[in-house]
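*Asks:* My questions all concern the structure below.
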Amino acid sequence: MNLSEYLAQANALADECRALLAGLDVATRLDTAKGQLNALKDDRLAALQGGLRALPAEDRRAAGGAFNTLKLSIQEALDAFAQRQSAATGTTAIDATMPARGVWRGSLHPVTLVIDEICEIFRELGFTVALGPEAETEWYNFGALNFPPDHPAMELHDTLYLGEDTLLRTHTSPVQVRTLQRYAPPVRVLAPGQVYRRDFFDATHAPAFMQLEGLAVDEGVSFVDLKATLAEFARRFYGATRRVRFGPSYFPFVEPGAQMDVEVDLGDGKGLRWVEILGCGMVHPNVIEAAGLDSEKYTGWAFGMGPARIAMSRYGINDIRVLYDSDVRFLEQFAR
């Protein structure tokens with residue numbers, strides 16, 4: 001094949017493609033038009049592209065330009081057909097052969113939803129949010145919170161140490177001490193954040209999880225204030241008809257200490273039952289003193305809860321591990 005024959009074949013193919021598209025009815029589907037066009041041009045285009053190598057070197061430049069012009073003219077003819085369709089129907093032509101695009105909608109994680117709801121309830125009760133570092137000193141994490149030096153929680157098998165005196169905090173309680181050191185009472189704060197423990201990852205435990213603690217310190221604060229505030233929180237969160245109860249419990253940083261249970265329906269057909277949702281108590285005088293305050297003048301109460309377990313009781317989840325799976329099929333159930 002010489003250059004003149006090559007150019008003749010390219011021009012002939014361009015004319016045939018334009019004629020094909022010009023002769024189609026505007027009601028023809030765009031994918032049908034593309035199919036007919038491809039049947040006409042694909043093999044011949046491939047032959048022309050392969051024929052470039054057979055031409056003399058001095059003719060390849062002109063032939064390559066003609067080949068590119070051919071492809072451009074075919075695309076222009078197809079665009080013109082689509083414009084004719086659009087003008088005839090008054091709408092933009094849609095390529096029905098294109099795969100559909102899924103509509104993605106982001107949403108908050110169920111644990112985040114619970115934290116936000118709890119913070120909003122306590123904000124209406126006069127609390128504000130305080131944050132602190134996740135890498136803490138041993139004194140802030142244990143010593144300032146009245147943990148004795150031989151307490152089991154300070155052992156390596158329970159706590160993740162980063163160095164001789166630095167560790168990943170095991171609770172957000174250090175934020176309470178830091179807040180009391182920085183601000184004079186009255187203090188009412190919530191301390192949400194990530195905490196770390198060397199727990200096995202099972203249906204009810206995780207080595208890294210969110211915790212939310214609260215603290216109220218002022219003159220004349222009593223256990224009555226603790227019970228009234230937490231009972232009001234439970235009624236707002238779970239419903240006005242839900243009952244709460246307090247039972248004795250031990251924590252080094254409170255005295256006396258208690259746990260609060262709420263009647264919750266876990267959605268398993270067994271009805272209401274008592275479920276522990278948080279630990280609480282009056283702030284130990286040693287913690288008040290460690291923060292640099294006079295324990296004879298100031299008293300306070302504190303509580304701590306795991307929002308993941310609150311989310312489990314709220315949404316009827318029986319395995320905490322699904323909250324860490326990042327499975328969109330699970331998480332999209334909570335989209336708002």
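Here's how to read the names in the structure tokens: chain A, B, ... by the order shown, residue numbers from 1 in each chain, ligand numbers from 1 in the order shown.
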Neighbours of Ile118 (chain A) within 9 Å (only C-alpha atoms; same-chain residues fewer than 5 positions away dropped), as a list in words?

*Replies:* Leu113, Arg123, Phe233, Phe237 and Pro307 of chain A

*Asks:* Run DSSP on the backbone and grab whatever in region 7-245 of chain A lands in helix (DSSP H, G or I); send it over as a PyMOL selection string.

*Replies:* chain A and resi 7-23+30-54+57-89+110-124+138-141+143-145+152-154+173-182+223-238

*Asks:* Would you mind listing what lies within 10 Å of Asp265 (chain A) as a list in words, with only C-alpha atoms counted and same-chain residues fewer than 2 positions away left out?

*Replies:*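 Once the nearby chain positions are removed, what remains is Tyr238, Val262, Glu263, Gly267, Asp268, Gly269, Lys270, Gly271, Leu272, Arg273, Trp274, Val275, Ser313, Arg314, Tyr315 and Gly316 of chain A.
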
*Asks:* My list of candidates is A:Thr229, A:Ala291, A:Ala63, A:Pro99. Which is closest to Trp139 (chain A) when distances are computed with only C-alpha atoms?

*Replies:* A:Ala291

*Asks:* Pick from A:Phe81, A:Ser326, A:Val283, A:Gly304: nearest to Arg29 (chain A), with only C-alpha atoms counted?

*Replies:*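 Of all the options, A:Phe81 lies closest to Arg29 (chain A).
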
*Asks:* Taking the DSSP secondary structure from the backbone, can you list the residues of region 64-265 of chain A that are strand (DSSP E or B), as a count of residues only?

*Replies:* 48

*Asks:* Of the candidates A:Tyr161, A:Leu131, A:Leu30, A:Gly239, which one gets nearest to Val189 (chain A) if we count only C-alpha atoms?

*Replies:*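 Checking each of A:Tyr161, A:Leu131, A:Leu30, A:Gly239 against Val189 (chain A), counting only C-alpha atoms, the winner is A:Leu131.
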
*Asks:* Expressed in Å to a single decimal, how great is the separation between CA of Ala258 (chain A) and CA of Leu278 (chain A)?

*Replies:*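 Result for CA of Ala258 (chain A) versus CA of Leu278 (chain A): 8.7 Å, one decimal.
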
*Asks:* A:Thr112, A:Leu125, A:Leu331, A:Ile74: which is nearest Ala228 (chain A), counting only C-alpha atoms?

*Replies:*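 Using only C-alpha atoms, the shortest distance to Ala228 (chain A) belongs to A:Leu125.
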
*Asks:* Give me the region 229-300 of chain A side of the contact with region 170-184 of chain A, cut-off 9 Å, one line per residue showing its nearest atom pair and distance in Å at one decimal, counting only C-alpha atoms, sorted by chain and residue number, as CSV.

*Replies:*
```
residue,atom,partner,partner_atom,distance
A:Val287,CA,A:Val177,CA,7.6
A:Ile288,CA,A:Val177,CA,8.2
A:Ala290,CA,A:Val177,CA,7.8
A:Ala291,CA,A:Gln181,CA,5.3
A:Gly292,CA,A:Gln181,CA,6.5
A:Leu293,CA,A:Leu180,CA,7.9
```

*Asks:* Please, could you write that set of residues out with N, CA and C atoms as an mmCIF file, in the first residue's frame?

*Replies:*
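Final file, result_25.cif:
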```cif
data_model
loop_
_atom_site.group_PDB
_atom_site.id
_atom_site.type_symbol
_atom_site.label_atom_id
_atom_site.label_comp_id
_atom_site.auth_asym_id
_atom_site.auth_seq_id
_atom_site.Cartn_x
_atom_site.Cartn_y
_atom_site.Cartn_z
ATOM 1 N N VAL A 287 -7.324 12.926 96.204
ATOM 2 C CA VAL A 287 -7.309 13.434 94.833
ATOM 3 C C VAL A 287 -7.477 14.947 94.836
ATOM 4 N N ILE A 288 -8.357 15.437 95.715
ATOM 5 C CA ILE A 288 -8.531 16.885 95.847
ATOM 6 C C ILE A 288 -7.215 17.542 96.258
ATOM 7 N N ALA A 290 -4.151 16.282 95.855
ATOM 8 C CA ALA A 290 -3.141 16.135 94.804
ATOM 9 C C ALA A 290 -3.283 17.200 93.733
ATOM 10 N N ALA A 291 -4.500 17.696 93.546
ATOM 11 C CA ALA A 291 -4.734 18.744 92.556
ATOM 12 C C ALA A 291 -4.416 20.137 93.102
ATOM 13 N N GLY A 292 -4.011 20.194 94.368
ATOM 14 C CA GLY A 292 -3.639 21.481 94.960
ATOM 15 C C GLY A 292 -4.771 22.230 95.594
ATOM 16 N N LEU A 293 -5.886 21.543 95.927
ATOM 17 C CA LEU A 293 -7.037 22.189 96.552
ATOM 18 C C LEU A 293 -7.181 21.731 97.997
#
```

*Asks:* Hey, what's within 12 Å of Asp319 (chain A) if we count only C-alpha atoms and toss same-chain stuff fewer than 4 positions away? As a list of chain:residue names, please?

*Replies:*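 Non-adjacent residues within range: A:Phe201, A:Asp202, A:Ala203, A:Thr204, A:His205, A:Ala206, A:Ala308, A:Arg309, A:Ala311, A:Met312, A:Ser313, A:Tyr315, A:Leu323, A:Tyr324, A:Asp325.
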
*Asks:* For the selection just defined, write its residues with N, CA, C and O atoms to a file, as a CSV table (one decimal), in the first residue's frame.

*Replies:*
```
chain,number,residue,atom,x,y,z
A,201,PHE,N,-9.1,-8.9,73.1
A,201,PHE,CA,-10.2,-8.4,72.2
A,201,PHE,C,-11.3,-9.5,72.1
A,201,PHE,O,-11.1,-10.5,71.4
A,202,ASP,N,-12.4,-9.3,72.8
A,202,ASP,CA,-13.4,-10.3,72.8
A,202,ASP,C,-14.8,-9.6,72.7
A,202,ASP,O,-14.8,-8.4,72.3
A,203,ALA,N,-15.8,-10.3,73.0
A,203,ALA,CA,-17.2,-9.7,72.7
A,203,ALA,C,-17.5,-8.5,73.6
A,203,ALA,O,-18.3,-7.7,73.3
A,204,THR,N,-16.8,-8.4,74.7
A,204,THR,CA,-17.1,-7.3,75.7
A,204,THR,C,-15.9,-6.4,76.0
A,204,THR,O,-16.0,-5.5,76.8
A,205,HIS,N,-14.7,-6.7,75.5
A,205,HIS,CA,-13.5,-6.0,75.8
A,205,HIS,C,-12.7,-5.6,74.6
A,205,HIS,O,-12.8,-6.3,73.6
A,206,ALA,N,-12.0,-4.5,74.6
A,206,ALA,CA,-11.1,-4.1,73.6
A,206,ALA,C,-9.9,-3.4,74.2
A,206,ALA,O,-10.0,-2.7,75.2
A,308,ALA,N,-18.9,2.8,74.3
A,308,ALA,CA,-19.2,1.7,73.4
A,308,ALA,C,-20.2,0.7,74.0
A,308,ALA,O,-21.1,0.2,73.3
A,309,ARG,N,-20.1,0.5,75.3
A,309,ARG,CA,-21.1,-0.4,76.0
A,309,ARG,C,-22.5,0.3,76.0
A,309,ARG,O,-23.5,-0.3,76.0
A,311,ALA,N,-23.5,2.3,73.7
A,311,ALA,CA,-24.1,2.1,72.4
A,311,ALA,C,-24.6,0.7,72.2
A,311,ALA,O,-25.6,0.5,71.5
A,312,MET,N,-24.0,-0.3,72.8
A,312,MET,CA,-24.4,-1.6,72.7
A,312,MET,C,-25.8,-1.8,73.3
A,312,MET,O,-26.7,-2.4,72.7
A,313,SER,N,-26.0,-1.2,74.5
A,313,SER,CA,-27.3,-1.3,75.1
A,313,SER,C,-28.4,-0.4,74.4
A,313,SER,O,-29.5,-0.8,74.3
A,315,TYR,N,-28.4,0.2,71.0
A,315,TYR,CA,-28.8,-0.3,69.7
A,315,TYR,C,-28.9,-1.8,69.6
A,315,TYR,O,-29.1,-2.4,68.5
A,323,LEU,N,-18.1,-2.9,66.4
A,323,LEU,CA,-17.9,-1.5,66.4
A,323,LEU,C,-16.6,-1.1,65.8
A,323,LEU,O,-16.3,0.1,65.5
A,324,TYR,N,-15.7,-2.1,65.7
A,324,TYR,CA,-14.3,-1.8,65.2
A,324,TYR,C,-14.1,-2.3,63.8
A,324,TYR,O,-13.0,-2.2,63.3
A,325,ASP,N,-15.1,-3.0,63.2
A,325,ASP,CA,-14.9,-3.7,61.9
A,325,ASP,C,-14.9,-2.7,60.7
A,325,ASP,O,-14.4,-3.1,59.7
```

*Asks:* Can you tell me how far CA of Arg242 (chain A) sits from CA of Gly300 (chain A), in Å to one decimal?

*Replies:* 26.2 Å

*Asks:* Neighbouring residues of Pro149 (chain A) were defined as those with any atom within 12 Å, considering only C-alpha atoms; residues of the same chain fewer than 5 positions away were excluded. Please report them as a list of chain:residue names.

*Replies:*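 The contact residues come out as A:Glu138, A:Trp139, A:Asn141, A:Phe142, A:Gly143, A:Ala144, A:Met154, A:Glu155, A:Pro252.
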
*Asks:* Could you write those residues out with C-alpha atoms, as an mmCIF file, in the first residue's frame?

*Replies:*
```cif
data_model
loop_
_atom_site.group_PDB
_atom_site.id
_atom_site.type_symbol
_atom_site.label_atom_id
_atom_site.label_comp_id
_atom_site.auth_asym_id
_atom_site.auth_seq_id
_atom_site.Cartn_x
_atom_site.Cartn_y
_atom_site.Cartn_z
ATOM 1 C CA GLU A 138 2.531 7.589 85.884
ATOM 2 C CA TRP A 139 1.771 10.235 88.506
ATOM 3 C CA ASN A 141 -2.566 8.330 85.649
ATOM 4 C CA PHE A 142 -2.133 6.624 89.039
ATOM 5 C CA GLY A 143 -0.408 8.616 91.782
ATOM 6 C CA ALA A 144 -2.644 11.685 91.699
ATOM 7 C CA MET A 154 0.172 -0.491 87.516
ATOM 8 C CA GLU A 155 1.643 -3.828 86.470
ATOM 9 C CA PRO A 252 -9.278 4.164 94.475
#
```

*Asks:* Just how far from CA of Glu219 (chain A) is CA of Gln259 (chain A), in Å to one decimal?

*Replies:* 23.8 Å

*Asks:* Check the smallest atom-to-atom distance from each of A:Ala77, A:Gly193, A:Asp42, A:Ser4 to Ala22 (chain A) using only C-alpha atoms, then report the winner.

*Replies:*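 Among A:Ala77, A:Gly193, A:Asp42, A:Ser4, it is A:Ala77 that comes nearest to Ala22 (chain A).
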